[in-house]
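*Asks:* Encoded as structure tokens, here's the structure I'll be asking about.
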Amino acid sequence: MIKIGILGSTGRVGSLLIDDLANDSEAKVGAVHVYGKLVKNLPTDTVVTNDMKVLFESSDVIIDFSAPAATEALLTEVIENGGNKPLVIATTGFNKHQQNLLLEASKLVPILYATNMSLGVAVLNKLVALASKTLRDFDIEIVEQHHRYKVDSPSGTALTLAEHAANARDLDLDEVRISGRDGQIGARTKDEIAVMALRGGDIVGRHTVGLYNDGEFLELNHTATARNTFSKGAIKVAKWIIGKEAKLYSINDALGL
Ligand SMILES: NC(=O)C1=CN([C@@H]2O[C@H](COP(=O)(O)OP(=O)(O)OC[C@H]3O[C@@H](n4cnc5c(N)ncnc54)[C@H](OP(=O)(O)O)[C@@H]3O)[C@@H](O)[C@H]2O)C=CC1
Ligand SMILES: O=C(O)C1=N[C@H](C(=O)O)C[C@H](O)C1
């Protein structure tokens, strides 16, 4: 049985990982990192810890749905203290320093980083690249909608979609992305890519990439209707990454897309 370590085990997705693994024939929960208070009953042989070193020692692979500060501690364990297990990282909202740590750590252990663990969004990224390149004159606008508890904005998925759109047009996303419009801002500029965030209720995750032109528009939408889409996707790629060489992998590598 593959022993999976969970960072963020008490969270909305982390607790679903525990449920999913209870019914998995190939993998089980090896260890859970608990930051605050443990809220779930776990199999008696599960290691419960708040120590990153112990999390590494007790797992064959670690899945992370937590918070940027927690991922930073996980990556630091790899870089500074020899933590040596494959990582599946799903947390979003990293700053530049944390993004650099991800790259550094991926030279030492295999890491799959995906801002969205669903198959549908993996395909959507490809569709967005194709549409952005083919419909070169269309204006691109991205809207993401999430539940009221989400703390980072815009979503990691929306940023990844925007990157695919910008790259397909040889644009630098940092130069063309805008995140709001208010007041006498003037007409839309040709290359700008807006990424707008809505928050409310229990929306699991909804992303729409619109490509607008005179006379026609195309909207590509993905809606996650159940949060275990993400936990199940992460378990699938965690099984895949075991035994791979140290490198930064995308979900497309794991899904063969
Ligand atoms: N890539 C993907 O497919 C998806 C990614 N996500 C991302 O995953 C992350 C978690 O989402 P969600 O489960 O909704 O969030 P929650 O807020 O429900 O869970 C966060 C978890 O991280 C723990 N945590 C917070 N801060 C720290 C810290 N400093 N050290 C250690 N642990 C910490 C929390 O512990 P405690 O409960 O004790 O505070 C909790 O277990 C977010 O970044 C979200 O955007 C979410 C869904 C899908
Ligand atoms: O926080 C969430 O809930 C989600 N976060 C991810 C993101 O920021 O893109 C993925 C998903 O949309 C749900």
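By order in the structure tokens, chains are A, B, ...; within a chain, residues start at 1; ligands start at 1, following the order shown.
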Quick check for you: according to DSSP on this backbone, which residues of range 5-235 of chain A are classed as strand (DSSP E or B)? Reply as a PyMOL selection string.
*Replies:* chain A and resi 5-7+27-33+47-49+61-64+87-89+111-113+139-146+177-178+193-199+205-213+216-224
*Asks:* Hey, what does DSSP flag as helix (DSSP H, G or I) within range 22-254 of chain A? Can you give it to me as an MDAnalysis selection string?
*Replies:* chainID A and resid 22 52:57 68:81 96:105 119:134 156:168 173:176 228:241 251:254
*Asks:* Selection from above, C-alpha atoms, as a PDB file, in the first residue's frame, can you write it?
*Replies:*
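Saved file part.pdb follows:
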ATOM      1  CA  ALA A  22     -10.333   5.114   3.193  1.00  0.00           C
ATOM      2  CA  MET A  52       7.467  18.338   8.620  1.00  0.00           C
ATOM      3  CA  LYS A  53      10.357  15.912   9.184  1.00  0.00           C
ATOM      4  CA  VAL A  54       7.992  13.305  10.618  1.00  0.00           C
ATOM      5  CA  LEU A  55       5.543  13.889   7.741  1.00  0.00           C
ATOM      6  CA  PHE A  56       8.313  13.049   5.249  1.00  0.00           C
ATOM      7  CA  GLU A  57       9.534  10.026   7.221  1.00  0.00           C
ATOM      8  CA  PRO A  68       1.297  29.267   1.081  1.00  0.00           C
ATOM      9  CA  ALA A  69       3.105  29.478   4.453  1.00  0.00           C
ATOM     10  CA  ALA A  70       2.609  25.744   4.978  1.00  0.00           C
ATOM     11  CA  THR A  71       3.863  24.872   1.474  1.00  0.00           C
ATOM     12  CA  GLU A  72       6.858  27.112   2.120  1.00  0.00           C
ATOM     13  CA  ALA A  73       7.704  25.063   5.220  1.00  0.00           C
ATOM     14  CA  LEU A  74       7.270  21.825   3.212  1.00  0.00           C
ATOM     15  CA  LEU A  75       9.620  23.018   0.458  1.00  0.00           C
ATOM     16  CA  THR A  76      12.134  24.309   3.012  1.00  0.00           C
ATOM     17  CA  GLU A  77      12.215  20.830   4.543  1.00  0.00           C
ATOM     18  CA  VAL A  78      13.315  19.504   1.125  1.00  0.00           C
ATOM     19  CA  ILE A  79      15.861  22.239   0.424  1.00  0.00           C
ATOM     20  CA  GLU A  80      17.430  22.632   3.872  1.00  0.00           C
ATOM     21  CA  ASN A  81      16.775  19.426   5.778  1.00  0.00           C
ATOM     22  CA  LYS A  96       7.583  35.092  -5.917  1.00  0.00           C
ATOM     23  CA  HIS A  97       9.779  33.724  -3.126  1.00  0.00           C
ATOM     24  CA  GLN A  98       7.536  30.691  -2.717  1.00  0.00           C
ATOM     25  CA  GLN A  99       7.478  30.130  -6.490  1.00  0.00           C
ATOM     26  CA  ASN A 100      11.278  30.121  -6.452  1.00  0.00           C
ATOM     27  CA  LEU A 101      11.337  27.618  -3.595  1.00  0.00           C
ATOM     28  CA  LEU A 102       9.132  25.352  -5.706  1.00  0.00           C
ATOM     29  CA  LEU A 103      11.664  25.477  -8.545  1.00  0.00           C
ATOM     30  CA  GLU A 104      14.599  24.891  -6.159  1.00  0.00           C
ATOM     31  CA  ALA A 105      12.953  21.939  -4.437  1.00  0.00           C
ATOM     32  CA  LEU A 119      -9.227  16.622 -15.810  1.00  0.00           C
ATOM     33  CA  GLY A 120     -11.632  19.190 -17.247  1.00  0.00           C
ATOM     34  CA  VAL A 121      -9.393  22.149 -16.430  1.00  0.00           C
ATOM     35  CA  ALA A 122      -6.330  20.331 -17.793  1.00  0.00           C
ATOM     36  CA  VAL A 123      -8.167  20.121 -21.119  1.00  0.00           C
ATOM     37  CA  LEU A 124      -9.495  23.687 -20.765  1.00  0.00           C
ATOM     38  CA  ASN A 125      -5.916  24.999 -20.544  1.00  0.00           C
ATOM     39  CA  LYS A 126      -5.214  23.429 -23.919  1.00  0.00           C
ATOM     40  CA  LEU A 127      -8.425  24.756 -25.454  1.00  0.00           C
ATOM     41  CA  VAL A 128      -7.629  28.261 -24.210  1.00  0.00           C
ATOM     42  CA  ALA A 129      -4.172  28.150 -25.773  1.00  0.00           C
ATOM     43  CA  LEU A 130      -5.643  26.991 -29.084  1.00  0.00           C
ATOM     44  CA  ALA A 131      -8.441  29.574 -29.081  1.00  0.00           C
ATOM     45  CA  SER A 132      -6.153  32.445 -28.032  1.00  0.00           C
ATOM     46  CA  LYS A 133      -3.694  31.705 -30.811  1.00  0.00           C
ATOM     47  CA  THR A 134      -6.286  31.027 -33.489  1.00  0.00           C
ATOM     48  CA  GLY A 156      -4.588  29.862  -9.163  1.00  0.00           C
ATOM     49  CA  THR A 157      -6.579  28.237 -11.957  1.00  0.00           C
ATOM     50  CA  ALA A 158      -7.569  31.607 -13.431  1.00  0.00           C
ATOM     51  CA  LEU A 159      -3.928  32.707 -13.418  1.00  0.00           C
ATOM     52  CA  THR A 160      -2.860  29.477 -15.114  1.00  0.00           C
ATOM     53  CA  LEU A 161      -5.561  29.938 -17.766  1.00  0.00           C
ATOM     54  CA  ALA A 162      -4.392  33.516 -18.288  1.00  0.00           C
ATOM     55  CA  GLU A 163      -0.804  32.290 -18.666  1.00  0.00           C
ATOM     56  CA  HIS A 164      -1.882  29.836 -21.357  1.00  0.00           C
ATOM     57  CA  ALA A 165      -3.711  32.636 -23.174  1.00  0.00           C
ATOM     58  CA  ALA A 166      -0.790  35.083 -22.902  1.00  0.00           C
ATOM     59  CA  ASN A 167       1.844  32.509 -23.893  1.00  0.00           C
ATOM     60  CA  ALA A 168      -0.182  31.523 -26.946  1.00  0.00           C
ATOM     61  CA  LEU A 173       1.125  38.095 -18.519  1.00  0.00           C
ATOM     62  CA  ASP A 174       2.623  40.453 -15.915  1.00  0.00           C
ATOM     63  CA  GLU A 175       2.462  43.236 -18.513  1.00  0.00           C
ATOM     64  CA  VAL A 176      -1.036  42.601 -19.868  1.00  0.00           C
ATOM     65  CA  ASN A 228     -13.737  15.644  -4.390  1.00  0.00           C
ATOM     66  CA  THR A 229     -12.967  16.162  -8.081  1.00  0.00           C
ATOM     67  CA  PHE A 230      -9.794  17.787  -6.736  1.00  0.00           C
ATOM     68  CA  SER A 231      -8.967  15.239  -4.034  1.00  0.00           C
ATOM     69  CA  LYS A 232      -9.485  12.308  -6.415  1.00  0.00           C
ATOM     70  CA  GLY A 233      -7.367  14.025  -9.087  1.00  0.00           C
ATOM     71  CA  ALA A 234      -4.563  14.613  -6.585  1.00  0.00           C
ATOM     72  CA  ILE A 235      -4.563  10.972  -5.438  1.00  0.00           C
ATOM     73  CA  LYS A 236      -4.366   9.822  -9.047  1.00  0.00           C
ATOM     74  CA  VAL A 237      -1.298  11.962  -9.791  1.00  0.00           C
ATOM     75  CA  ALA A 238       0.301  11.071  -6.428  1.00  0.00           C
ATOM     76  CA  LYS A 239       0.324   7.423  -7.506  1.00  0.00           C
ATOM     77  CA  TRP A 240       1.816   8.468 -10.858  1.00  0.00           C
ATOM     78  CA  ILE A 241       4.687  10.577  -9.484  1.00  0.00           C
ATOM     79  CA  ILE A 251      -0.761  17.676 -14.471  1.00  0.00           C
ATOM     80  CA  ASN A 252      -0.584  17.234 -18.249  1.00  0.00           C
ATOM     81  CA  ASP A 253       2.537  15.093 -17.765  1.00  0.00           C
ATOM     82  CA  ALA A 254       0.621  12.821 -15.413  1.00  0.00           C
TER      83      ALA A 254
END
*Asks:* Taking only C-alpha atoms and all ligand atoms into account, report as an MDAnalysis selection string which residues have an atom no farther than 10 Å from an atom of ligand 2.
*Replies:* chainID A and resid 12:13 65:67 90:93 114:118 121 144:161 202:207 222:224 227 229:230
*Asks:* Any idea what's packed within 10 Å of Glu216 in chain A, counting only C-alpha atoms, ignoring anything in its chain fewer than 4 positions away? Could you give it as a list of chain:residue names?
*Replies:*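 Returned residues: A:Phe138, A:Leu211, A:Tyr212.
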*Asks:* Please dump the current selection as an mmCIF file, in the first residue's frame; keep N, CA and C atoms.
*Replies:*
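Below you can see again-v1.cif, which holds the result:
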data_model
loop_
_atom_site.group_PDB
_atom_site.id
_atom_site.type_symbol
_atom_site.label_atom_id
_atom_site.label_comp_id
_atom_site.auth_asym_id
_atom_site.auth_seq_id
_atom_site.Cartn_x
_atom_site.Cartn_y
_atom_site.Cartn_z
ATOM 1 N N PHE A 138 -9.382 38.490 -31.008
ATOM 2 C CA PHE A 138 -10.460 38.489 -30.019
ATOM 3 C C PHE A 138 -9.927 38.985 -28.663
ATOM 4 N N LEU A 211 -13.669 34.899 -25.255
ATOM 5 C CA LEU A 211 -12.914 35.525 -26.350
ATOM 6 C C LEU A 211 -13.936 36.278 -27.187
ATOM 7 N N TYR A 212 -13.816 37.596 -27.215
ATOM 8 C CA TYR A 212 -14.868 38.457 -27.755
ATOM 9 C C TYR A 212 -14.374 39.236 -28.966
#
*Asks:* Which value, in Å to one decimal, gives the distance between CA of Leu248 in chain A and CA of Arg177 in chain A?
*Replies:* 24.9 Å
*Asks:* Tell me, as an mmCIF file with N, CA and C atoms, in the first residue's frame, which residues lie within 6 Å of Val88 in chain A, counting only C-alpha atoms; anything in the same chain fewer than 6 positions away does not count.
*Replies:*
data_model
loop_
_atom_site.group_PDB
_atom_site.id
_atom_site.type_symbol
_atom_site.label_atom_id
_atom_site.label_comp_id
_atom_site.auth_asym_id
_atom_site.auth_seq_id
_atom_site.Cartn_x
_atom_site.Cartn_y
_atom_site.Cartn_z
ATOM 1 N N ILE A 63 0.768 14.912 -0.378
ATOM 2 C CA ILE A 63 -0.181 15.781 -1.102
ATOM 3 C C ILE A 63 -0.447 17.011 -0.246
ATOM 4 N N ILE A 111 8.253 16.929 -8.212
ATOM 5 C CA ILE A 111 7.114 17.715 -7.709
ATOM 6 C C ILE A 111 6.118 17.912 -8.849
ATOM 7 N N LEU A 112 4.881 17.568 -8.590
ATOM 8 C CA LEU A 112 3.817 17.919 -9.539
ATOM 9 C C LEU A 112 3.063 19.088 -8.934
#
*Asks:* Which of these, A:Gly83, A:Lys3, A:Ser58, A:Leu255, has the shortest distance to Glu26 in chain A once you count only C-alpha atoms?
*Replies:*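 Closest to Glu26 in chain A of all the choices is A:Lys3.
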